[in-house]
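Q: Supplied structure: run06.cif, mmCIF, C-alpha atoms and all ligand atoms.
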data_my_file
loop_
_atom_site.label_atom_id
_atom_site.label_comp_id
_atom_site.auth_asym_id
_atom_site.auth_seq_id
_atom_site.Cartn_x
_atom_site.Cartn_y
_atom_site.Cartn_z
CA MET A 1 102.45 108.45 97.53
CA SER A 2 105.51 107.19 99.34
CA GLY A 3 108.25 109.44 97.96
CA ASN A 4 109.28 111.27 101.13
CA THR A 5 110.93 108.69 103.36
CA SER A 6 114.67 108.96 103.90
CA GLU A 7 115.09 105.48 102.47
CA ASN A 8 113.39 106.56 99.27
CA LYS A 9 115.54 109.67 99.05
CA GLN A 10 118.56 107.42 99.27
CA ASN A 11 117.12 105.16 96.53
CA ALA A 12 116.58 108.20 94.32
CA ALA A 13 120.28 109.02 94.48
CA VAL A 14 121.37 105.48 93.65
CA PRO A 15 119.61 103.73 90.79
CA PRO A 16 119.20 99.99 91.35
CA SER A 17 122.09 97.88 90.09
CA TRP A 18 119.94 96.13 87.47
CA TYR A 19 119.21 99.57 85.98
CA ALA A 20 122.79 100.77 85.99
CA ASN A 21 124.17 97.49 84.66
CA GLY A 22 121.54 96.74 82.06
CA LEU A 23 120.52 100.04 80.57
CA ASP A 24 123.40 100.17 78.10
CA HIS A 25 122.30 96.82 76.67
CA VAL A 26 118.67 97.45 75.79
CA TRP A 27 117.34 99.12 72.68
CA LEU A 28 114.15 100.94 73.60
CA PRO A 29 111.04 101.30 71.42
CA TYR A 30 110.42 104.50 69.45
CA ALA A 31 113.42 106.12 71.10
CA GLN A 32 116.34 108.04 69.72
CA MET A 33 118.71 106.37 72.13
CA LYS A 34 121.16 109.29 72.04
CA THR A 35 118.72 112.01 73.06
CA ALA A 36 115.78 110.28 74.77
CA ALA A 37 115.31 111.05 78.44
CA PRO A 38 116.50 108.14 80.60
CA PRO A 39 113.58 105.71 81.08
CA LEU A 40 111.99 105.47 84.52
CA ALA A 41 112.87 102.39 86.56
CA VAL A 42 109.64 100.61 87.55
CA THR A 43 109.45 98.07 90.34
CA ALA A 44 105.72 97.42 90.66
CA THR A 45 102.25 98.30 89.40
CA HIS A 46 98.85 98.17 91.05
CA GLY A 47 95.47 99.57 90.08
CA SER A 48 96.21 102.74 88.16
CA ARG A 49 99.59 103.26 89.79
CA ILE A 50 103.16 102.73 88.62
CA ARG A 51 105.73 102.47 91.41
CA LEU A 52 109.25 103.64 90.61
CA ALA A 53 112.50 102.34 92.03
CA ASP A 54 113.13 105.69 93.75
CA GLY A 55 109.93 105.25 95.75
CA ARG A 56 107.71 107.64 93.77
CA GLU A 57 104.33 106.46 92.56
CA LEU A 58 102.83 107.81 89.33
CA ILE A 59 99.15 107.80 88.36
CA ASP A 60 98.99 106.09 85.00
CA GLY A 61 97.07 107.96 82.32
CA ILE A 62 97.48 105.55 79.44
CA ALA A 63 97.20 102.06 80.96
CA SER A 64 100.36 100.72 79.32
CA TRP A 65 99.53 101.50 75.71
CA TRP A 66 95.78 101.00 76.35
CA THR A 67 96.00 97.44 77.62
CA ALA A 68 95.46 97.47 81.40
CA CYS A 69 91.73 98.09 81.17
CA HIS A 70 90.91 96.55 84.61
CA GLY A 71 93.88 98.25 86.29
CA TYR A 72 97.18 96.53 86.94
CA ASN A 73 97.48 93.23 88.81
CA HIS A 74 93.79 92.45 88.98
CA PRO A 75 93.57 89.52 91.41
CA HIS A 76 91.07 87.61 89.28
CA ILE A 77 93.42 87.59 86.27
CA ARG A 78 96.44 86.88 88.47
CA ASP A 79 94.73 83.86 90.06
CA ALA A 80 93.71 82.47 86.68
CA VAL A 81 97.25 82.82 85.32
CA GLU A 82 98.74 81.24 88.46
CA ARG A 83 96.40 78.26 88.14
CA GLN A 84 97.27 77.87 84.47
CA LEU A 85 100.99 78.20 85.22
CA LYS A 86 100.79 75.15 87.47
CA ALA A 87 98.86 73.08 84.94
CA MET A 88 100.50 74.01 81.64
CA PRO A 89 102.27 77.29 80.84
CA HIS A 90 102.60 76.44 77.20
CA VAL A 91 102.05 73.77 74.62
CA MET A 92 102.21 74.19 70.89
CA PHE A 93 98.93 74.70 69.06
CA GLY A 94 99.96 72.76 65.97
CA GLY A 95 98.15 69.41 66.14
CA LEU A 96 97.26 70.07 69.79
CA VAL A 97 94.54 72.16 71.40
CA HIS A 98 93.69 73.05 74.98
CA GLU A 99 90.82 74.20 77.12
CA PRO A 100 91.77 77.87 77.66
CA ALA A 101 92.05 78.51 73.90
CA LEU A 102 88.87 76.71 72.88
CA ILE A 103 86.86 78.33 75.64
CA LEU A 104 88.27 81.70 74.69
CA ALA A 105 87.55 81.23 70.98
CA ARG A 106 83.95 80.37 71.68
CA ARG A 107 83.53 83.29 74.06
CA LEU A 108 85.06 85.76 71.62
CA VAL A 109 82.77 84.57 68.84
CA GLY A 110 79.83 85.08 71.21
CA LEU A 111 80.97 88.61 72.01
CA VAL A 112 81.61 89.83 68.46
CA GLY A 113 78.35 88.24 67.27
CA PRO A 114 75.74 87.26 66.59
CA ASN A 115 76.91 87.36 63.00
CA ASP A 116 79.17 85.40 60.67
CA LEU A 117 82.41 86.18 62.51
CA ASP A 118 83.11 82.77 63.98
CA ARG A 119 86.70 81.56 63.41
CA VAL A 120 89.44 82.78 65.71
CA PHE A 121 93.13 82.65 64.79
CA PHE A 122 95.40 83.44 67.76
CA SER A 123 98.73 85.20 67.62
CA GLU A 124 100.81 87.14 70.11
CA SER A 125 100.73 90.77 69.07
CA GLY A 126 98.51 93.26 67.34
CA SER A 127 100.88 93.64 64.40
CA VAL A 128 100.90 89.90 63.82
CA ALA A 129 97.10 89.78 64.05
CA ILE A 130 97.12 92.34 61.22
CA GLU A 131 99.63 90.31 59.20
CA VAL A 132 97.32 87.32 59.59
CA ALA A 133 94.30 89.39 58.48
CA LEU A 134 96.20 90.58 55.39
CA LYS A 135 97.30 87.05 54.53
CA MET A 136 93.77 85.73 55.05
CA ALA A 137 92.44 88.38 52.69
CA VAL A 138 95.01 87.75 49.96
CA GLN A 139 94.68 83.98 50.17
CA TYR A 140 90.88 84.24 50.26
CA TRP A 141 91.08 85.51 46.69
CA ARG A 142 93.95 83.26 45.62
CA ASN A 143 92.02 80.18 46.78
CA GLN A 144 89.30 81.28 44.38
CA GLY A 145 91.77 81.62 41.52
CA ARG A 146 92.07 85.40 41.67
CA THR A 147 95.11 87.54 42.29
CA ARG A 148 94.28 90.47 44.54
CA THR A 149 97.21 91.47 46.65
CA ARG A 150 96.77 95.14 47.50
CA PHE A 151 94.82 96.96 50.21
CA LEU A 152 92.95 100.21 50.47
CA ALA A 153 93.93 101.91 53.71
CA PHE A 154 93.52 105.36 55.23
CA SER A 155 95.68 108.33 55.99
CA GLY A 156 96.04 108.72 59.75
CA GLY A 157 95.70 104.95 60.16
CA TYR A 158 98.03 102.81 62.25
CA HIS A 159 98.04 99.02 62.22
CA GLY A 160 101.42 98.06 63.68
CA ASP A 161 105.13 97.91 63.05
CA THR A 162 105.67 94.72 61.06
CA THR A 163 106.12 95.06 57.32
CA GLY A 164 102.58 94.34 56.14
CA ALA A 165 101.05 96.32 58.99
CA MET A 166 103.29 99.32 58.32
CA ALA A 167 102.36 99.22 54.65
CA VAL A 168 98.66 99.71 55.44
CA SER A 169 99.39 102.43 58.00
CA ASP A 170 99.68 106.15 57.29
CA PRO A 171 102.64 106.65 54.94
CA VAL A 172 104.09 109.52 56.96
CA GLY A 173 103.32 108.24 60.46
CA SER A 174 104.72 104.84 59.55
CA MET A 175 107.77 106.33 57.93
CA HIS A 176 107.25 104.59 54.62
CA ALA A 177 110.11 106.69 53.30
CA ALA A 178 112.55 105.01 55.70
CA PHE A 179 111.48 101.58 54.49
CA ARG A 180 111.02 102.25 50.79
CA GLY A 181 111.72 99.07 48.87
CA LEU A 182 110.72 96.90 51.81
CA LEU A 183 107.05 97.83 52.12
CA PRO A 184 104.55 96.70 49.51
CA GLU A 185 102.88 99.79 48.10
CA GLN A 186 99.26 100.08 49.10
CA ILE A 187 96.54 102.56 48.23
CA THR A 188 96.07 105.22 50.91
CA VAL A 189 93.20 107.72 50.84
CA ASP A 190 91.44 109.92 53.39
CA LEU A 191 88.53 108.38 55.28
CA PRO A 192 85.27 109.21 53.49
CA VAL A 193 84.01 111.75 56.01
CA ASP A 194 82.53 114.36 53.64
CA GLU A 195 81.60 114.84 50.00
CA LYS A 196 85.12 115.56 48.77
CA SER A 197 86.82 112.70 50.59
CA THR A 198 84.02 110.31 49.64
CA ALA A 199 84.50 111.22 45.97
CA ALA A 200 88.26 110.56 46.27
CA PHE A 201 87.59 107.27 48.07
CA GLU A 202 85.17 106.17 45.34
CA ALA A 203 87.61 107.20 42.61
CA ALA A 204 90.38 105.13 44.23
CA LEU A 205 88.04 102.14 44.43
CA LYS A 206 87.04 102.50 40.82
CA GLN A 207 90.66 102.57 39.74
CA HIS A 208 91.98 99.82 42.01
CA ALA A 209 89.11 97.51 43.01
CA HIS A 210 90.24 94.78 40.61
CA GLU A 211 93.58 94.42 42.47
CA LEU A 212 92.34 95.02 46.03
CA ALA A 213 91.95 92.19 48.52
CA ALA A 214 90.33 94.33 51.20
CA ILE A 215 89.66 97.70 52.75
CA ILE A 216 91.27 98.02 56.19
CA ALA A 217 90.34 100.58 58.84
CA GLU A 218 90.32 101.30 62.55
CA PRO A 219 86.63 101.75 63.42
CA LEU A 220 85.57 105.06 65.05
CA VAL A 221 89.03 106.05 66.34
CA GLN A 222 92.37 106.19 64.57
CA GLY A 223 94.65 105.71 67.57
CA ALA A 224 98.40 105.93 67.19
CA GLY A 225 97.95 107.92 63.97
CA GLY A 226 96.68 110.90 65.96
CA MET A 227 93.69 109.93 68.15
CA ARG A 228 91.26 111.11 65.47
CA PHE A 229 87.57 110.26 65.67
CA HIS A 230 85.06 109.64 62.91
CA ASP A 231 81.33 108.92 62.81
CA ALA A 232 79.66 105.54 62.61
CA GLN A 233 78.35 106.64 59.22
CA VAL A 234 81.89 106.34 57.83
CA LEU A 235 81.89 102.65 58.71
CA ARG A 236 78.59 102.18 56.94
CA THR A 237 80.10 103.89 53.88
CA LEU A 238 83.05 101.47 54.01
CA ARG A 239 80.79 98.43 54.30
CA ALA A 240 78.59 99.58 51.40
CA ALA A 241 81.63 100.28 49.22
CA ALA A 242 83.22 96.92 50.05
CA ASP A 243 79.98 95.17 49.10
CA ARG A 244 79.54 97.18 45.90
CA HIS A 245 83.09 96.42 44.75
CA ASP A 246 83.16 92.87 46.07
CA LEU A 247 86.00 93.48 48.55
CA LEU A 248 86.63 92.17 52.03
CA LEU A 249 86.38 94.63 54.92
CA VAL A 250 88.87 94.36 57.78
CA PHE A 251 88.29 96.27 61.02
CA ASP A 252 91.25 96.67 63.33
CA GLU A 253 89.79 96.82 66.85
CA ILE A 254 93.14 96.36 68.55
CA PHE A 255 92.79 99.77 70.20
CA THR A 256 89.03 100.33 70.05
CA GLY A 257 87.89 96.88 71.23
CA PHE A 258 86.73 95.99 74.73
CA CYS A 259 84.70 99.08 75.65
CA ARG A 260 87.34 101.75 74.97
CA THR A 261 85.07 103.81 72.69
CA GLY A 262 81.90 103.28 74.75
CA SER A 263 80.57 100.05 73.26
CA LEU A 264 82.07 96.58 73.61
CA PHE A 265 83.38 96.81 70.05
CA ALA A 266 83.32 99.96 67.96
CA PHE A 267 81.81 98.23 64.94
CA GLN A 268 78.81 97.22 67.03
CA ALA A 269 77.98 100.89 67.66
CA ALA A 270 77.82 101.38 63.90
CA GLY A 271 75.76 98.27 63.20
CA VAL A 272 78.35 97.22 60.62
CA VAL A 273 79.90 93.76 60.49
CA PRO A 274 83.36 93.40 58.94
CA ASP A 275 84.58 90.22 57.22
CA ILE A 276 87.62 90.08 59.50
CA VAL A 277 88.25 91.77 62.84
CA THR A 278 91.50 91.97 64.82
CA LEU A 279 91.76 92.18 68.62
CA SER A 280 94.65 92.48 71.06
CA LYS A 281 95.80 94.96 73.75
CA ALA A 282 92.94 94.76 76.32
CA LEU A 283 92.22 91.14 75.33
CA THR A 284 94.21 89.84 78.31
CA GLY A 285 93.47 92.85 80.48
CA GLY A 286 96.99 94.00 79.72
CA THR A 287 98.76 91.10 81.38
CA LEU A 288 100.14 88.85 78.65
CA PRO A 289 100.69 89.18 74.91
CA LEU A 290 97.82 87.77 72.88
CA ALA A 291 95.95 88.76 69.75
CA ALA A 292 93.10 87.34 67.71
CA THR A 293 92.14 87.61 64.06
CA ILE A 294 88.48 86.62 63.75
CA ALA A 295 87.23 85.68 60.31
CA GLY A 296 83.71 85.45 58.98
CA LYS A 297 82.24 82.23 57.58
CA LYS A 298 82.68 83.41 53.99
CA VAL A 299 86.42 83.90 54.54
CA PHE A 300 86.90 80.59 56.33
CA GLU A 301 84.98 78.68 53.67
CA ALA A 302 87.42 79.86 50.99
CA PHE A 303 90.13 77.89 52.83
CA TRP A 304 88.01 74.73 53.31
CA SER A 305 89.40 72.36 50.71
CA ASP A 306 91.05 69.00 50.04
CA ASP A 307 94.06 70.90 48.78
CA PRO A 308 96.75 71.45 51.46
CA ALA A 309 97.95 74.49 49.53
CA GLN A 310 94.65 76.18 50.32
CA ALA A 311 95.29 76.11 54.08
CA LEU A 312 96.11 79.31 55.92
CA MET A 313 99.89 79.35 56.02
CA HIS A 314 100.61 81.00 59.32
CA GLY A 315 101.52 79.67 62.76
CA PRO A 316 103.38 81.72 65.36
CA THR A 317 105.33 79.57 67.84
CA PHE A 318 103.36 80.89 70.80
CA THR A 319 99.99 80.98 69.10
CA ALA A 320 97.19 80.47 71.65
CA ASN A 321 99.64 80.37 74.56
CA PRO A 322 97.63 78.83 77.43
CA LEU A 323 98.74 81.39 80.02
CA ALA A 324 97.66 84.25 77.77
CA CYS A 325 94.35 82.53 76.96
CA ALA A 326 93.70 81.97 80.67
CA ALA A 327 94.37 85.66 81.28
CA ALA A 328 92.00 86.59 78.46
CA ASN A 329 89.25 84.33 79.81
CA ALA A 330 89.65 85.94 83.23
CA SER A 331 89.55 89.37 81.61
CA LEU A 332 86.31 88.44 79.84
CA ASP A 333 84.88 87.32 83.21
CA LEU A 334 85.55 90.84 84.47
CA PHE A 335 83.83 92.41 81.48
CA GLU A 336 80.84 90.18 82.24
CA ARG A 337 80.78 90.73 86.00
CA GLU A 338 81.80 94.32 86.44
CA PRO A 339 80.09 97.43 85.07
CA ARG A 340 82.77 98.36 82.52
CA LEU A 341 80.49 100.20 80.09
CA ALA A 342 79.02 102.27 82.91
CA GLN A 343 82.55 103.04 84.13
CA VAL A 344 83.57 104.11 80.63
CA ALA A 345 80.53 106.42 80.46
CA GLU A 346 81.55 107.98 83.79
CA ILE A 347 85.16 108.36 82.71
CA SER A 348 83.93 109.95 79.50
CA GLY A 349 82.02 112.58 81.45
CA ALA A 350 84.97 113.26 83.73
CA LEU A 351 87.36 113.54 80.78
CA SER A 352 85.07 116.05 79.08
CA ALA A 353 84.70 118.12 82.24
CA GLY A 354 88.39 117.94 83.06
CA LEU A 355 89.83 118.57 79.60
CA GLU A 356 87.30 120.97 78.04
CA PRO A 357 88.83 124.02 79.83
CA CYS A 358 92.07 123.32 77.90
CA ARG A 359 90.34 124.65 74.80
CA LYS A 360 91.04 128.19 76.02
CA LEU A 361 94.75 127.58 76.60
CA PRO A 362 97.34 128.94 74.17
CA GLY A 363 98.38 126.55 71.41
CA VAL A 364 95.44 124.18 71.86
CA LYS A 365 93.89 123.17 68.54
CA ASP A 366 91.16 120.79 69.68
CA VAL A 367 89.78 118.95 72.69
CA ARG A 368 87.83 115.77 72.07
CA VAL A 369 86.54 112.81 74.05
CA LYS A 370 85.12 109.49 72.95
CA GLY A 371 84.43 106.76 75.50
CA ALA A 372 87.46 106.49 77.76
CA ILE A 373 89.71 108.42 75.37
CA GLY A 374 90.42 112.07 76.11
CA VAL A 375 92.51 114.11 73.71
CA VAL A 376 94.01 117.59 73.74
CA GLU A 377 95.50 118.27 70.34
CA MET A 378 98.06 121.05 70.23
CA GLU A 379 99.08 123.14 67.23
CA HIS A 380 102.58 121.89 67.89
CA ILE A 381 104.61 120.36 70.72
CA LYS A 382 108.12 121.80 70.73
CA ASP A 383 109.84 119.30 72.98
CA LEU A 384 108.07 115.99 73.62
CA ASN A 385 110.82 114.76 75.95
CA ALA A 386 110.55 117.85 78.12
CA LEU A 387 106.74 117.63 78.19
CA ARG A 388 106.82 113.98 79.21
CA GLN A 389 109.24 114.77 82.01
CA ARG A 390 107.10 117.68 83.14
CA PHE A 391 104.16 115.28 83.57
CA VAL A 392 106.30 112.92 85.62
CA ALA A 393 107.23 115.83 87.86
CA GLU A 394 103.46 116.27 88.39
CA GLY A 395 103.22 112.65 89.58
CA VAL A 396 101.46 111.33 86.46
CA PHE A 397 102.49 109.10 83.58
CA ILE A 398 101.19 110.64 80.37
CA ARG A 399 102.98 110.09 77.08
CA PRO A 400 102.13 112.67 74.44
CA PHE A 401 103.09 111.93 70.84
CA GLY A 402 103.11 114.09 67.73
CA ALA A 403 100.95 117.07 68.69
CA VAL A 404 98.62 115.04 70.89
CA VAL A 405 98.31 114.84 74.68
CA TYR A 406 95.87 112.09 75.55
CA LEU A 407 94.44 109.96 78.33
CA THR A 408 93.30 106.34 78.01
CA PRO A 409 93.10 105.32 81.66
CA SER A 410 92.11 101.98 83.06
CA PHE A 411 88.33 101.64 83.42
CA THR A 412 88.74 101.10 87.16
CA ILE A 413 90.60 104.32 87.82
CA ALA A 414 89.36 106.17 90.92
CA GLU A 415 87.58 109.49 90.43
CA GLY A 416 90.31 111.33 92.36
CA GLU A 417 93.08 109.74 90.30
CA LEU A 418 91.40 110.73 87.06
CA ALA A 419 90.97 114.28 88.37
CA LYS A 420 94.71 114.39 89.12
CA LEU A 421 95.44 113.40 85.52
CA THR A 422 93.18 116.07 83.99
CA ASP A 423 94.39 118.69 86.53
CA ALA A 424 97.97 117.91 85.55
CA ILE A 425 97.20 118.31 81.86
CA ARG A 426 95.47 121.66 82.43
CA ARG A 427 98.28 122.92 84.65
CA VAL A 428 101.14 121.80 82.40
CA LEU A 429 99.54 122.98 79.16
CA SER A 430 98.78 126.36 80.69
CA GLU A 431 102.54 126.85 81.01
CA GLY A 432 102.82 126.58 77.20
CA VAL A 433 104.50 123.64 75.44
C1 LIG B 1 94.92 99.88 65.97
C2 LIG B 1 96.20 99.15 66.20
N1 LIG B 1 96.53 98.12 65.41
C3 LIG B 1 97.66 97.40 65.59
C4 LIG B 1 98.56 97.75 66.59
C5 LIG B 1 99.83 96.96 66.76
O1 LIG B 1 99.77 96.24 67.92
P1 LIG B 1 101.13 95.67 68.59
O2 LIG B 1 101.85 96.86 69.10
O3 LIG B 1 100.65 94.76 69.66
O4 LIG B 1 101.87 94.96 67.52
C6 LIG B 1 98.26 98.83 67.41
C7 LIG B 1 99.20 99.24 68.46
O5 LIG B 1 99.18 100.33 68.97
C8 LIG B 1 97.07 99.56 67.21
O6 LIG B 1 96.74 100.60 67.97
#
Please render this file's structure as structure tokens.
Ligand SMILES: Cc1ncc(COP(=O)(O)O)c(C=O)c1O

A:
Amino acid sequence: MSGNTSENKQNAAVPPSWYANGLDHVWLPYAQMKTAAPPLAVTATHGSRIRLADGRELIDGIASWWTACHGYNHPHIRDAVERQLKAMPHVMFGGLVHEPALILARRLVGLVGPNDLDRVFFSESGSVAIEVALKMAVQYWRNQGRTRTRFLAFSGGYHGDTTGAMAVSDPVGSMHAAFRGLLPEQITVDLPVDEKSTAAFEAALKQHAHELAAIIAEPLVQGAGGMRFHDAQVLRTLRAAADRHDLLLVFDEIFTGFCRTGSLFAFQAAGVVPDIVTLSKALTGGTLPLAATIAGKKVFEAFWSDDPAQALMHGPTFTANPLACAAANASLDLFEREPRLAQVAEISGALSAGLEPCRKLPGVKDVRVKGAIGVVEMEHIKDLNALRQRFVAEGVFIRPFGAVVYLTPSFTIAEGELAKLTDAIRRVLSEGV
């Protein structure tokens, strides 16, 4: 920590000019701009640390929305991006291809397989990867002369903030009410976790299967919808139901992919192969925006035709951006070379040990850990802004939402840093929230 020098004290009193001059011209995500606490001015990141303009350094508990899985500024990724920057920062992917993208596509297919998943469509954000998956599913049927344009999705699910992605997310969490008329209405049911919910799931399928293009779910962990976990058996139920009703199955691994839940991909732990899988977030080790929608052979074959109208009609301007693909290839090198799964297992143990005592604290509803995800669910959080600021005062960056306080640290976080995060959560929650 470097927050005690006189120079830093001076910085704390005077925000940098870029902050003072620019703040009134940005519109921040998920923020009521009138009442949100002023954002923290960041000047640098390294490892699991975020350095602020006033000289303080925070230990990062959430790895920038679950992306920075190798820690910030990993030299191997930085070198790869620098090399790519010199050769070719960007070239369009329409009619042109390049080495970083083709190498990455082949590597991703190798990692999600061996199975039928073998065609990678690149985009630049998780939400867009979902839009592409939805369009693939709808057009898969249309190319076979059938109109199936709706999706079966799950309460508590979250798939992004674009229109199609919001429509398959939890109706309350995604504020369907605010966008009524804009969002296509989908079928939302509870995940089939027990007899009652399985019966409701089956009933919805019976009623709607004829109009459904696909079932879409986050495997093993519903992230932004509440950090809720479910068993691998649920995924097997989804696969069996999709097969029985002749539907596609889409797994959104944008949060769960790349070791976060304790296996490289969550669906692999369940031994269930979806027809389409989406990846993003940790794909580039949290350095550059990139996403992938990977389709199975059956899906791709439905587009293979002499008819141009049967082509997949999607093409983001920055699809397969070479810098992002180079970052992703370097990130995959790190997954190959460094013991990420072992690190996740260690983090898992430390999260359990560090967070379990919270169970006894007032207002705590549940404590749960899966892989490198640690969650303390409260009955209620009165003032999220105040709680977030309280964590900053403890020297940690933790961003609770809804009634959930959670940690998703980088896999390279030091033992002592992780202990500081769990200590801070125990201390702050013991004060009552
Ligand atoms: C499971 C899941 N799907 C999709 C998204 C959307 O990704 P993006 O924010 O990159 O659009 C997210 C983001 O949190 C997510 O967690």

Q: Give the residue list for ligand LIG 1 (chain B) at 9 Å, counting all atoms listed in the file, as a VMD selection string, sorted by chain and then by residue number.

A: chain A and resid 65 to 66 124 to 130 157 to 162 165 217 to 219 221 to 225 252 to 256 278 to 281 289 to 291

Q: Excluding segment 351-356 of chain A and its own-chain neighbours fewer than 2 positions away, which residues fall within 7 Å of it when counting all atoms listed in the file? Please give them as a PyMOL selection string.

A: chain A and resi 347-349+358-359+367+369+374+419+422-423

Q: Edge lengths and centre in Å to one decimal, as lines of an AutoDock Vina configuration file, is what I'm after for the box along x, y and z that holds all listed atoms of segment 77-85 of chain A once 5 Å is added on each side.

A:
center_x = 97.2
center_y = 82.7
center_z = 87.3
size_x = 17.6
size_y = 19.7
size_z = 15.6

Q: Expressed in Å to a single decimal, how great is the separation between atom CA of Val97 of chain A and atom CA of Ser305 of chain A?

A: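 Taking atom CA of Val97 of chain A and atom CA of Ser305 of chain A, their separation equals 21.3 Å.
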
Q: Residues near Gln186 of chain A, anyone? I mean within 12 Å using all atoms listed in the file, not counting same-chain ones fewer than 2 positions away, as a ChimeraX atom specification.

A: /A:134,148-155,163-171,176,183-184,188-189,204,208,211-216

Q: If you measure from atom CA of Ser410 of chain A to atom CA of Gly71 of chain A, what distance in Å do you get, rounded to one decimal?

A: 5.2 Å

Q: Take atom CA of Pro400 of chain A and atom CA of Ser197 of chain A and report the distance between them in Å, one decimal.

A: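 Rounded to one decimal, the two atoms are 28.3 Å apart.
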
Q: Tell me which of A:Val299, A:Leu407, A:Ala36, A:Val81 sits closest to Gln389 of chain A, counting all atoms listed in the file.

A: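 Of the candidates, the smallest distance to Gln389 of chain A is held by A:Ala36.
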
Q: Here is a test: counting all atoms listed in the file, which residue of A:Gln343, A:Leu312, A:Leu191, A:Ala242 is nearest to Val132 of chain A?

A: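 Residue with the minimum atom-to-atom distance to Val132 of chain A: A:Leu312.
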
Q: Write only C-alpha atoms for segment 9-50 of chain A from the block just shown, as a PDB file, in the first residue's frame.

A:
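After the write, part.pdb holds the following:
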ATOM      1  CA  LYS A   9      -2.313  13.011   0.645  1.00  0.00           C
ATOM      2  CA  GLN A  10      -2.078  16.020  -1.621  1.00  0.00           C
ATOM      3  CA  ASN A  11      -3.402  13.949  -4.558  1.00  0.00           C
ATOM      4  CA  ALA A  12      -6.329  12.805  -2.426  1.00  0.00           C
ATOM      5  CA  ALA A  13      -7.392  16.407  -1.891  1.00  0.00           C
ATOM      6  CA  VAL A  14      -7.180  17.300  -5.568  1.00  0.00           C
ATOM      7  CA  PRO A  15      -8.716  14.882  -8.048  1.00  0.00           C
ATOM      8  CA  PRO A  16      -6.795  14.681 -11.335  1.00  0.00           C
ATOM      9  CA  SER A  17      -7.920  17.178 -13.966  1.00  0.00           C
ATOM     10  CA  TRP A  18      -9.137  14.443 -16.326  1.00  0.00           C
ATOM     11  CA  TYR A  19     -11.502  13.302 -13.561  1.00  0.00           C
ATOM     12  CA  ALA A  20     -12.805  16.741 -12.704  1.00  0.00           C
ATOM     13  CA  ASN A  21     -13.201  17.775 -16.339  1.00  0.00           C
ATOM     14  CA  GLY A  22     -14.629  14.573 -17.730  1.00  0.00           C
ATOM     15  CA  LEU A  23     -16.883  13.150 -15.064  1.00  0.00           C
ATOM     16  CA  ASP A  24     -19.871  15.285 -16.010  1.00  0.00           C
ATOM     17  CA  HIS A  25     -19.717  13.906 -19.549  1.00  0.00           C
ATOM     18  CA  VAL A  26     -19.828  10.159 -18.974  1.00  0.00           C
ATOM     19  CA  TRP A  27     -22.896   8.037 -18.372  1.00  0.00           C
ATOM     20  CA  LEU A  28     -21.900   5.170 -16.102  1.00  0.00           C
ATOM     21  CA  PRO A  29     -23.219   1.594 -16.273  1.00  0.00           C
ATOM     22  CA  TYR A  30     -25.963   0.435 -13.892  1.00  0.00           C
ATOM     23  CA  ALA A  31     -25.787   3.737 -12.048  1.00  0.00           C
ATOM     24  CA  GLN A  32     -28.434   6.172 -10.949  1.00  0.00           C
ATOM     25  CA  MET A  33     -26.266   9.106 -11.871  1.00  0.00           C
ATOM     26  CA  LYS A  34     -27.970  11.407  -9.362  1.00  0.00           C
ATOM     27  CA  THR A  35     -27.401   9.279  -6.277  1.00  0.00           C
ATOM     28  CA  ALA A  36     -24.513   6.909  -7.082  1.00  0.00           C
ATOM     29  CA  ALA A  37     -21.352   7.406  -5.068  1.00  0.00           C
ATOM     30  CA  PRO A  38     -18.675   9.154  -7.156  1.00  0.00           C
ATOM     31  CA  PRO A  39     -16.670   6.497  -9.037  1.00  0.00           C
ATOM     32  CA  LEU A  40     -13.089   5.860  -7.969  1.00  0.00           C
ATOM     33  CA  ALA A  41     -10.386   7.290 -10.225  1.00  0.00           C
ATOM     34  CA  VAL A  42      -8.067   4.452 -11.307  1.00  0.00           C
ATOM     35  CA  THR A  43      -4.613   5.036 -12.718  1.00  0.00           C
ATOM     36  CA  ALA A  44      -3.166   1.525 -12.931  1.00  0.00           C
ATOM     37  CA  THR A  45      -3.748  -2.158 -12.266  1.00  0.00           C
ATOM     38  CA  HIS A  46      -1.361  -5.007 -11.559  1.00  0.00           C
ATOM     39  CA  GLY A  47      -1.886  -8.548 -10.324  1.00  0.00           C
ATOM     40  CA  SER A  48      -4.915  -8.379  -8.062  1.00  0.00           C
ATOM     41  CA  ARG A  49      -4.463  -4.697  -7.281  1.00  0.00           C
ATOM     42  CA  ILE A  50      -6.220  -1.556  -8.456  1.00  0.00           C
TER      43      ILE A  50
END
